[in-house]
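Below is the file final-v4.cif, which contains mmCIF, C-alpha atoms and all ligand atoms.
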data_my_file
loop_
_atom_site.label_atom_id
_atom_site.label_comp_id
_atom_site.auth_asym_id
_atom_site.auth_seq_id
_atom_site.Cartn_x
_atom_site.Cartn_y
_atom_site.Cartn_z
CA MET A 1 0.00 0.00 0.00
CA PHE A 2 1.14 3.55 -0.64
CA ASN A 3 -0.20 7.00 0.11
CA GLU A 4 -1.30 8.13 -3.36
CA LYS A 5 -2.09 11.71 -2.34
CA ALA A 6 1.28 12.25 -0.64
CA ILE A 7 3.19 10.71 -3.57
CA ILE A 8 1.39 12.96 -6.08
CA SER A 9 1.99 16.05 -3.88
CA LYS A 10 5.69 15.23 -3.40
CA TRP A 11 6.20 14.55 -7.13
CA SER A 12 4.36 17.78 -8.04
CA ALA A 13 6.46 19.85 -5.61
CA ASP A 14 9.68 18.38 -7.03
CA MET A 15 8.50 19.06 -10.59
CA TYR A 16 7.51 22.65 -9.71
CA ASP A 17 10.91 23.26 -8.19
CA GLN A 18 12.76 21.69 -11.14
CA GLU A 19 10.73 23.25 -13.94
CA GLU A 20 9.27 26.55 -12.72
CA THR A 21 12.57 28.39 -12.73
CA GLU A 22 11.31 31.62 -14.31
CA THR A 23 13.00 34.69 -12.80
CA ASN A 24 11.52 37.44 -14.98
CA ASP A 25 8.49 37.92 -12.72
CA VAL A 26 10.67 37.82 -9.60
CA ASP A 27 13.07 40.46 -10.96
CA PHE A 28 10.14 42.70 -11.88
CA LEU A 29 8.55 42.29 -8.44
CA LEU A 30 11.89 43.20 -6.80
CA SER A 31 12.13 46.36 -8.92
CA VAL A 32 8.56 47.45 -8.11
CA VAL A 33 8.95 46.81 -4.37
CA GLY A 34 12.20 48.80 -4.39
CA ASN A 35 15.46 48.60 -2.45
CA ALA A 36 14.45 50.11 0.91
CA PRO A 37 14.06 47.18 3.34
CA LYS A 38 10.43 46.30 4.00
CA ARG A 39 8.41 43.83 6.00
CA ILE A 40 6.85 41.56 3.39
CA LEU A 41 4.28 38.77 3.53
CA GLU A 42 3.94 36.34 0.63
CA ALA A 43 0.67 34.41 0.71
CA CYS A 44 0.99 30.95 -0.87
CA CYS A 45 4.78 31.18 -1.17
CA GLY A 46 5.16 27.59 -2.41
CA SER A 47 8.80 26.51 -2.63
CA GLY A 48 10.18 30.01 -2.00
CA ARG A 49 10.81 30.90 -5.66
CA ILE A 50 9.85 34.51 -4.85
CA LEU A 51 10.19 34.56 -1.05
CA VAL A 52 13.90 33.68 -1.00
CA PRO A 53 14.99 36.36 -3.53
CA LEU A 54 12.99 38.94 -1.53
CA ALA A 55 14.95 37.94 1.58
CA LYS A 56 18.24 37.99 -0.34
CA ALA A 57 17.37 41.55 -1.44
CA GLY A 58 17.33 42.56 2.25
CA HIS A 59 13.61 42.53 3.05
CA THR A 60 12.27 40.81 6.16
CA VAL A 61 9.94 38.18 4.77
CA PHE A 62 7.36 35.72 5.98
CA GLY A 63 5.61 33.23 3.76
CA PHE A 64 2.95 30.63 4.23
CA ASP A 65 1.57 27.84 2.07
CA ALA A 66 -0.74 24.86 2.56
CA ASP A 67 1.59 22.41 0.81
CA GLU A 68 4.23 20.90 3.13
CA PHE A 69 6.18 19.43 0.21
CA MET A 70 6.53 22.87 -1.41
CA LEU A 71 7.53 24.49 1.90
CA ALA A 72 10.17 21.80 2.47
CA LYS A 73 12.14 23.21 -0.47
CA ILE A 74 12.72 26.57 1.23
CA GLN A 75 15.13 25.45 3.97
CA ARG A 76 18.01 24.69 1.62
CA LYS A 77 17.51 27.85 -0.47
CA ALA A 78 17.30 30.05 2.63
CA ALA A 79 20.48 28.71 4.29
CA GLY A 80 22.33 31.53 6.02
CA LEU A 81 19.45 34.03 5.82
CA ALA A 82 18.19 35.34 9.17
CA ASN A 83 15.42 37.53 7.69
CA ILE A 84 13.12 34.80 6.35
CA THR A 85 10.48 32.66 8.08
CA TRP A 86 7.71 30.48 6.76
CA GLN A 87 5.03 28.13 7.98
CA ALA A 88 2.21 25.87 6.86
CA ALA A 89 -1.15 27.63 6.79
CA ASP A 90 -4.32 27.74 4.74
CA ALA A 91 -4.93 31.10 3.09
CA VAL A 92 -8.70 30.88 3.33
CA HIS A 93 -9.14 29.57 6.86
CA ASP A 94 -6.07 30.89 8.72
CA ASP A 95 -5.13 34.39 9.82
CA TRP A 96 -2.55 36.33 7.74
CA GLY A 97 -1.18 38.41 10.61
CA ALA A 98 -0.64 42.18 10.51
CA GLY A 99 1.96 44.93 10.33
CA TYR A 100 3.30 44.33 6.81
CA ASP A 101 4.53 46.99 4.36
CA VAL A 102 3.87 44.78 1.33
CA VAL A 103 1.70 41.72 0.74
CA VAL A 104 2.67 39.67 -2.31
CA LEU A 105 -0.03 37.80 -4.25
CA ALA A 106 2.23 36.72 -7.09
CA GLY A 107 2.86 33.62 -9.20
CA ASN A 108 -0.73 33.99 -10.42
CA ILE A 109 -2.08 32.86 -7.04
CA LEU A 110 -5.48 34.51 -7.59
CA TYR A 111 -5.96 32.00 -10.42
CA ASN A 112 -4.38 29.09 -8.52
CA ILE A 113 -6.32 29.06 -5.27
CA VAL A 114 -7.12 25.67 -3.78
CA SER A 115 -10.05 25.92 -1.39
CA ASP A 116 -13.47 24.62 -0.50
CA MET A 117 -14.93 28.12 -0.83
CA ASP A 118 -16.79 29.59 -3.81
CA TYR A 119 -13.87 30.60 -6.09
CA ALA A 120 -14.79 34.26 -6.63
CA LYS A 121 -15.43 34.68 -2.92
CA ALA A 122 -12.01 33.19 -2.18
CA GLN A 123 -10.38 35.63 -4.64
CA GLU A 124 -12.13 38.55 -2.96
CA LEU A 125 -11.19 37.19 0.47
CA PHE A 126 -7.49 37.13 -0.52
CA ILE A 127 -7.70 40.86 -1.27
CA LYS A 128 -9.52 41.59 1.99
CA LYS A 129 -6.98 39.55 3.97
CA ALA A 130 -4.12 41.34 2.23
CA ALA A 131 -5.67 44.66 3.32
CA SER A 132 -5.98 43.47 6.94
CA ALA A 133 -2.37 42.29 7.00
CA LEU A 134 -1.02 45.63 5.73
CA ASN A 135 -0.03 48.79 7.57
CA HIS A 136 -1.86 51.91 6.37
CA GLY A 137 0.00 53.13 3.30
CA GLY A 138 1.26 49.61 2.58
CA TYR A 139 0.99 47.91 -0.81
CA VAL A 140 -0.44 44.74 -2.26
CA TYR A 141 1.45 43.34 -5.27
CA ILE A 142 -0.71 41.24 -7.58
CA ASP A 143 0.60 39.27 -10.57
CA TYR A 144 -2.51 37.82 -12.27
CA ARG A 145 -2.63 35.75 -15.50
CA PRO A 146 -6.07 34.21 -15.82
CA GLY A 147 -5.52 31.30 -18.17
CA GLY A 148 -5.35 33.10 -21.52
CA HIS A 149 -8.34 35.39 -20.95
CA ARG A 150 -7.95 39.03 -21.90
CA VAL A 151 -8.04 40.69 -18.49
CA THR A 152 -9.84 43.83 -19.66
CA GLN A 153 -12.74 41.89 -21.14
CA LYS A 154 -15.61 40.16 -19.45
CA GLU A 155 -15.97 37.55 -22.15
CA PRO A 156 -13.34 34.81 -22.50
CA SER A 157 -10.83 35.28 -25.28
CA SER A 158 -9.78 31.64 -25.33
CA THR A 159 -10.32 28.37 -23.56
CA ASP A 160 -7.96 25.43 -23.21
CA ASP A 161 -8.98 23.29 -26.16
CA ARG A 162 -5.97 20.96 -26.26
CA ASP A 163 -4.41 18.57 -23.77
CA ARG A 164 -1.21 20.04 -22.40
CA VAL A 165 1.69 18.27 -20.64
CA VAL A 166 2.67 20.55 -17.78
CA PHE A 167 5.23 18.44 -15.92
CA ASP A 168 7.22 15.44 -17.11
CA GLY A 169 10.04 14.07 -15.00
CA THR A 170 11.43 12.14 -12.05
CA ASP A 171 11.28 13.19 -8.41
CA SER A 172 13.94 12.72 -5.73
CA ASP A 173 12.29 9.43 -4.68
CA GLY A 174 12.75 8.02 -8.19
CA ASN A 175 9.05 8.22 -9.06
CA HIS A 176 8.51 9.41 -12.60
CA GLY A 177 5.70 10.38 -14.94
CA ARG A 178 3.74 13.32 -16.12
CA MET A 179 0.92 15.66 -15.30
CA VAL A 180 -1.38 16.56 -18.18
CA ILE A 181 -4.05 19.23 -18.20
CA LEU A 182 -6.91 17.88 -20.28
CA ALA A 183 -8.93 20.15 -22.55
CA GLY A 184 -11.26 22.31 -20.50
CA SER A 185 -14.40 24.34 -20.95
CA TYR A 186 -15.53 27.81 -19.93
CA ASP A 187 -18.98 28.77 -18.65
CA ALA A 188 -19.59 32.41 -19.54
CA GLU A 189 -22.39 32.74 -17.01
CA THR A 190 -20.43 31.61 -13.96
CA GLN A 191 -17.05 32.74 -15.39
CA MET A 192 -15.66 29.33 -14.37
CA ASN A 193 -13.01 27.36 -16.25
CA SER A 194 -13.38 23.60 -15.69
CA PHE A 195 -10.65 21.13 -16.58
CA THR A 196 -8.96 17.93 -15.39
CA ARG A 197 -5.45 17.41 -14.08
CA ARG A 198 -4.32 13.89 -15.02
CA PHE A 199 -1.40 12.30 -13.16
CA GLU A 200 0.29 9.30 -14.81
CA LEU A 201 3.09 8.17 -12.50
CA THR A 202 5.25 5.06 -12.32
CA LEU A 203 6.73 4.58 -8.88
CA LYS A 204 10.27 3.41 -8.20
CA THR A 205 8.71 0.13 -7.05
CA GLY A 206 7.12 -0.33 -10.50
CA GLU A 207 3.62 0.37 -9.22
CA ALA A 208 1.48 2.82 -11.20
CA ILE A 209 -0.72 5.75 -10.24
CA ARG A 210 -3.37 7.06 -12.62
CA LYS A 211 -5.36 9.88 -11.07
CA ASP A 212 -7.76 12.42 -12.58
CA ILE A 213 -8.40 15.49 -10.45
CA PRO A 214 -11.24 17.77 -11.58
CA CYS A 215 -10.38 21.46 -11.18
CA GLN A 216 -12.18 24.76 -11.49
CA LYS A 217 -10.90 28.32 -11.68
CA HIS A 218 -12.79 31.59 -11.75
CA PHE A 219 -11.96 34.23 -14.37
CA ALA A 220 -12.26 37.58 -12.59
CA PRO A 221 -12.02 40.34 -15.21
CA LEU A 222 -9.92 43.37 -14.29
CA GLU A 223 -13.05 45.41 -13.58
CA GLN A 224 -14.06 42.89 -10.90
CA LEU A 225 -10.53 42.90 -9.45
CA HIS A 226 -10.61 46.71 -9.32
CA GLY A 227 -13.96 46.60 -7.51
CA TRP A 228 -12.63 44.20 -4.87
CA LEU A 229 -9.53 46.35 -4.39
CA ALA A 230 -11.57 49.55 -3.99
CA ASP A 231 -13.94 47.83 -1.52
CA ALA A 232 -10.93 46.71 0.55
CA GLY A 233 -9.61 50.30 0.70
CA PHE A 234 -6.92 50.13 -1.99
CA ALA A 235 -6.04 52.74 -4.62
CA ILE A 236 -4.19 51.53 -7.72
CA GLY A 237 -0.66 52.91 -7.62
CA ARG A 238 0.89 51.28 -10.65
CA GLU A 239 -0.54 48.87 -13.19
CA TYR A 240 1.24 46.98 -15.99
CA GLY A 241 0.24 44.55 -18.73
CA ASP A 242 3.01 42.09 -17.88
CA CYS A 243 6.17 41.46 -15.88
CA ASN A 244 8.27 43.38 -18.42
CA GLY A 245 6.58 46.63 -17.41
CA ASN A 246 4.64 46.92 -20.68
CA PRO A 247 1.42 48.95 -20.48
CA LEU A 248 -1.96 47.30 -20.10
CA THR A 249 -3.83 47.06 -23.42
CA ASP A 250 -7.11 45.55 -24.64
CA ASP A 251 -5.10 42.46 -25.59
CA SER A 252 -3.29 41.95 -22.27
CA ARG A 253 -3.66 38.46 -20.88
CA SER A 254 -1.98 39.33 -17.61
CA VAL A 255 -1.88 42.27 -15.24
CA VAL A 256 0.51 43.38 -12.51
CA ILE A 257 -1.03 45.69 -9.92
CA TYR A 258 0.71 47.60 -7.13
CA ALA A 259 -2.10 49.06 -5.03
CA ARG A 260 -1.85 51.18 -1.90
CA LYS A 261 -3.94 50.75 1.23
CA ALA A 262 -5.42 54.07 2.32
CA GLU A 263 -3.71 55.94 5.19
C1 LIG A 301 1.66 27.95 -8.52
S1 LIG A 301 2.23 27.79 -6.86
C2 LIG A 301 3.01 29.38 -6.66
C3 LIG A 301 4.01 29.43 -5.55
C4 LIG A 301 4.80 30.75 -5.47
N1 LIG A 301 3.94 31.86 -5.15
C5 LIG A 301 5.54 30.99 -6.76
O1 LIG A 301 5.17 31.91 -7.49
O2 LIG A 301 6.46 30.24 -7.05
C6 LIG A 301 0.72 28.02 -5.98
C7 LIG A 301 0.86 27.74 -4.50
O3 LIG A 301 -0.33 28.18 -3.85
C8 LIG A 301 -0.58 27.31 -2.78
N2 LIG A 301 -1.99 27.44 -2.38
C9 LIG A 301 -3.08 27.37 -3.18
N3 LIG A 301 -4.19 27.54 -2.45
C10 LIG A 301 -3.80 27.73 -1.17
C11 LIG A 301 -4.49 27.96 0.05
N4 LIG A 301 -5.82 28.00 0.10
N5 LIG A 301 -3.76 28.13 1.18
C12 LIG A 301 -2.41 28.07 1.15
N6 LIG A 301 -1.71 27.82 0.04
C13 LIG A 301 -2.38 27.65 -1.11
C14 LIG A 301 -0.22 25.94 -3.33
O4 LIG A 301 0.04 25.02 -2.28
C15 LIG A 301 1.02 26.27 -4.16
O5 LIG A 301 2.20 26.08 -3.43
#

If you took the structure in this file and wrote it as structure tokens, what would it be?
Amino acid sequence: MFNEKAIISKWSADMYDQEETETNDVDFLLSVVGNAPKRILEACCGSGRILVPLAKAGHTVFGFDADEFMLAKIQRKAAGLANITWQAADAVHDDWGAGYDVVVLAGNILYNIVSDMDYAKAQELFIKKAASALNHGGYVYIDYRPGGHRVTQKEPSSTDDRDRVVFDGTDSDGNHGRMVILAGSYDAETQMNSFTRRFELTLKTGEAIRKDIPCQKHFAPLEQLHGWLADAGFAIGREYGDCNGNPLTDDSRSVVIYARKAE
């Protein structure tokens, strides 16, 4: 017998750490946050891909994530840093603390929330919790890329209509395989994307795991995001169409927002 859920989570965390090595978004975040040392919270920090560079840049950082296998990656990367802490916590059900200068909602977390709550309500809750965790005058940093949709439009601009291999490789336990996202569908009324994550793993022991996990994500158009930010007491400071600092256009499929909590 083996623990299928734990094996899939461990393999996924190893694949994320091996394959999600993009630094463009991290460099842009560092430039927007600036050099002056700040107290920064990253919600859903995963394996520390963003959290550790923020600490290395001299900020005092705290991150939390629900996935113990992702969090386990941080220790090695953070060796020698005294200004970084992290813990396991659920973003929806647990408290985010207070007294931060910046709250980071990056890595497209608003489109990657795992929760038992209505998806749009969870997205709005993240913004409210960011506001509560911030000092007056503090900033929330949002990097949002809602699955190919044009952010400025309410209607979808595309849906996933092909199967897509996201991860393919071997974890540190010698388990190998792939994770495929199967073609999804979009419901314009609910603004929900539905799709299936398929795991096809062969364990070191030779045993096989085949697991389909149904997933849903809510496309919140920019207008809705702006409404949630205003309701939570934020004013947009800076807004970009991507992590290269390009302006937002009608065709933008991502948005980076740096919004200030009222004094
Ligand atoms: C795509 S990863 C991004 C990690 C990191 N922010 C980055 O950019 O590399 C998304 C992370 O969000 C975490 N997550 C999703 N929903 C969560 C929740 N409700 N509470 C805590 N963590 C959550 C997952 O465990 C995962 O580590």

Find the nearest atom pair between each residue of chain A and ligand LIG 301 (chain A) for residues within 9 Å, count all atoms listed in the file, give distances in Å to one decimal, sort rows by chain and ascending number, and present the table as JSON lines.
{"residue": "A:Ala13", "atom": "CA", "partner": "A:LIG301", "partner_atom": "O5", "distance": 7.9}
{"residue": "A:Tyr16", "atom": "CA", "partner": "A:LIG301", "partner_atom": "S1", "distance": 7.9}
{"residue": "A:Asp17", "atom": "CA", "partner": "A:LIG301", "partner_atom": "O2", "distance": 8.4}
{"residue": "A:Glu20", "atom": "CA", "partner": "A:LIG301", "partner_atom": "O2", "distance": 7.3}
{"residue": "A:Thr21", "atom": "CA", "partner": "A:LIG301", "partner_atom": "O2", "distance": 8.5}
{"residue": "A:Glu22", "atom": "CA", "partner": "A:LIG301", "partner_atom": "O2", "distance": 8.8}
{"residue": "A:Asp25", "atom": "CA", "partner": "A:LIG301", "partner_atom": "O1", "distance": 8.6}
{"residue": "A:Val26", "atom": "CA", "partner": "A:LIG301", "partner_atom": "O1", "distance": 8.3}
{"residue": "A:Glu42", "atom": "CA", "partner": "A:LIG301", "partner_atom": "N1", "distance": 7.3}
{"residue": "A:Ala43", "atom": "CA", "partner": "A:LIG301", "partner_atom": "N6", "distance": 7.0}
{"residue": "A:Cys44", "atom": "CA", "partner": "A:LIG301", "partner_atom": "N6", "distance": 4.2}
{"residue": "A:Cys45", "atom": "CA", "partner": "A:LIG301", "partner_atom": "N1", "distance": 4.1}
{"residue": "A:Gly46", "atom": "CA", "partner": "A:LIG301", "partner_atom": "O5", "distance": 3.5}
{"residue": "A:Ser47", "atom": "CA", "partner": "A:LIG301", "partner_atom": "O2", "distance": 6.2}
{"residue": "A:Gly48", "atom": "CA", "partner": "A:LIG301", "partner_atom": "O2", "distance": 6.3}
{"residue": "A:Arg49", "atom": "CA", "partner": "A:LIG301", "partner_atom": "O2", "distance": 4.6}
{"residue": "A:Ile50", "atom": "CA", "partner": "A:LIG301", "partner_atom": "O2", "distance": 5.9}
{"residue": "A:Leu51", "atom": "CA", "partner": "A:LIG301", "partner_atom": "C4", "distance": 7.9}
{"residue": "A:Phe64", "atom": "CA", "partner": "A:LIG301", "partner_atom": "C12", "distance": 6.7}
{"residue": "A:Asp65", "atom": "CA", "partner": "A:LIG301", "partner_atom": "N6", "distance": 3.9}
{"residue": "A:Ala66", "atom": "CA", "partner": "A:LIG301", "partner_atom": "C12", "distance": 3.9}
{"residue": "A:Asp67", "atom": "CA", "partner": "A:LIG301", "partner_atom": "O4", "distance": 4.3}
{"residue": "A:Glu68", "atom": "CA", "partner": "A:LIG301", "partner_atom": "O4", "distance": 8.0}
{"residue": "A:Phe69", "atom": "CA", "partner": "A:LIG301", "partner_atom": "O5", "distance": 8.6}
{"residue": "A:Met70", "atom": "CA", "partner": "A:LIG301", "partner_atom": "O5", "distance": 5.8}
{"residue": "A:Leu71", "atom": "CA", "partner": "A:LIG301", "partner_atom": "O5", "distance": 7.7}
{"residue": "A:Ala88", "atom": "CA", "partner": "A:LIG301", "partner_atom": "C12", "distance": 7.7}
{"residue": "A:Ala89", "atom": "CA", "partner": "A:LIG301", "partner_atom": "C12", "distance": 5.8}
{"residue": "A:Asp90", "atom": "CA", "partner": "A:LIG301", "partner_atom": "N5", "distance": 3.6}
{"residue": "A:Ala91", "atom": "CA", "partner": "A:LIG301", "partner_atom": "N5", "distance": 3.7}
{"residue": "A:Val92", "atom": "CA", "partner": "A:LIG301", "partner_atom": "N4", "distance": 5.2}
{"residue": "A:His93", "atom": "CA", "partner": "A:LIG301", "partner_atom": "N4", "distance": 7.7}
{"residue": "A:Asp94", "atom": "CA", "partner": "A:LIG301", "partner_atom": "N5", "distance": 8.4}
{"residue": "A:Val104", "atom": "CA", "partner": "A:LIG301", "partner_atom": "N1", "distance": 8.4}
{"residue": "A:Leu105", "atom": "CA", "partner": "A:LIG301", "partner_atom": "N1", "distance": 7.2}
{"residue": "A:Ala106", "atom": "CA", "partner": "A:LIG301", "partner_atom": "N1", "distance": 5.5}
{"residue": "A:Gly107", "atom": "CA", "partner": "A:LIG301", "partner_atom": "O1", "distance": 3.3}
{"residue": "A:Asn108", "atom": "CA", "partner": "A:LIG301", "partner_atom": "C1", "distance": 6.8}
{"residue": "A:Ile109", "atom": "CA", "partner": "A:LIG301", "partner_atom": "C6", "distance": 5.7}
{"residue": "A:Leu110", "atom": "CA", "partner": "A:LIG301", "partner_atom": "C9", "distance": 8.7}
{"residue": "A:Tyr111", "atom": "CA", "partner": "A:LIG301", "partner_atom": "C1", "distance": 8.8}
{"residue": "A:Asn112", "atom": "CA", "partner": "A:LIG301", "partner_atom": "C9", "distance": 5.8}
{"residue": "A:Ile113", "atom": "CA", "partner": "A:LIG301", "partner_atom": "N3", "distance": 3.8}
{"residue": "A:Val114", "atom": "CA", "partner": "A:LIG301", "partner_atom": "N3", "distance": 3.7}
{"residue": "A:Ser115", "atom": "CA", "partner": "A:LIG301", "partner_atom": "N4", "distance": 4.9}
{"residue": "A:Asp116", "atom": "CA", "partner": "A:LIG301", "partner_atom": "N4", "distance": 8.4}
{"residue": "A:Ala122", "atom": "CA", "partner": "A:LIG301", "partner_atom": "N4", "distance": 8.4}

- Task: Write out as a PyMOL selection string which residues come within 8 Å of Ser194 of chain A when counting all atoms listed in the file, dropping same-chain ones fewer than 2 positions away.
- Result: chain A and resi 184-186+192+196+214-217

- Item | Near-Arg260 of chain A list (12 Å; only C-alpha atoms; drop same-chain fewer than 4 positions) as JSON, numbers by chain | {"A": [33, 101, 102, 103, 127, 130, 131, 134, 135, 136, 137, 138, 139, 140, 141, 142, 229, 230, 232, 233, 234, 235, 236, 237, 238, 239]}

- Query: Please, which residues are within 7 Å of (7.3, 49.3, 8.0) by the file's coordinates, counting only C-alpha atoms, and could they come as a ChimeraX atom specification?
  - Reply: /A:38-39,100-101

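Among A:Gly245, A:Gly169, A:Pro146, A:Pro221, the residue with the shortest atom-to-atom distance to Ser31 of chain A, counting only C-alpha atoms, is A:Gly245.
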
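Relative to atom CA of Ala133 of chain A, atom CA of Ala79 of chain A is found at 26.7 Å.
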
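You will find atom CA of Ser252 of chain A at 10.5 Å from atom CA of Leu222 of chain A.
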
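Between Ser254 of chain A and the candidates A:Leu201, A:Ala208, A:Val151, A:Leu182, the tightest atom-to-atom separation, counting all atoms listed in the file, involves A:Val151.
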
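The smallest atom-to-atom distance between Ser132 of chain A and any of A:Val256, A:Ile209, A:Leu41, A:Met15, using only C-alpha atoms, is found for A:Leu41.
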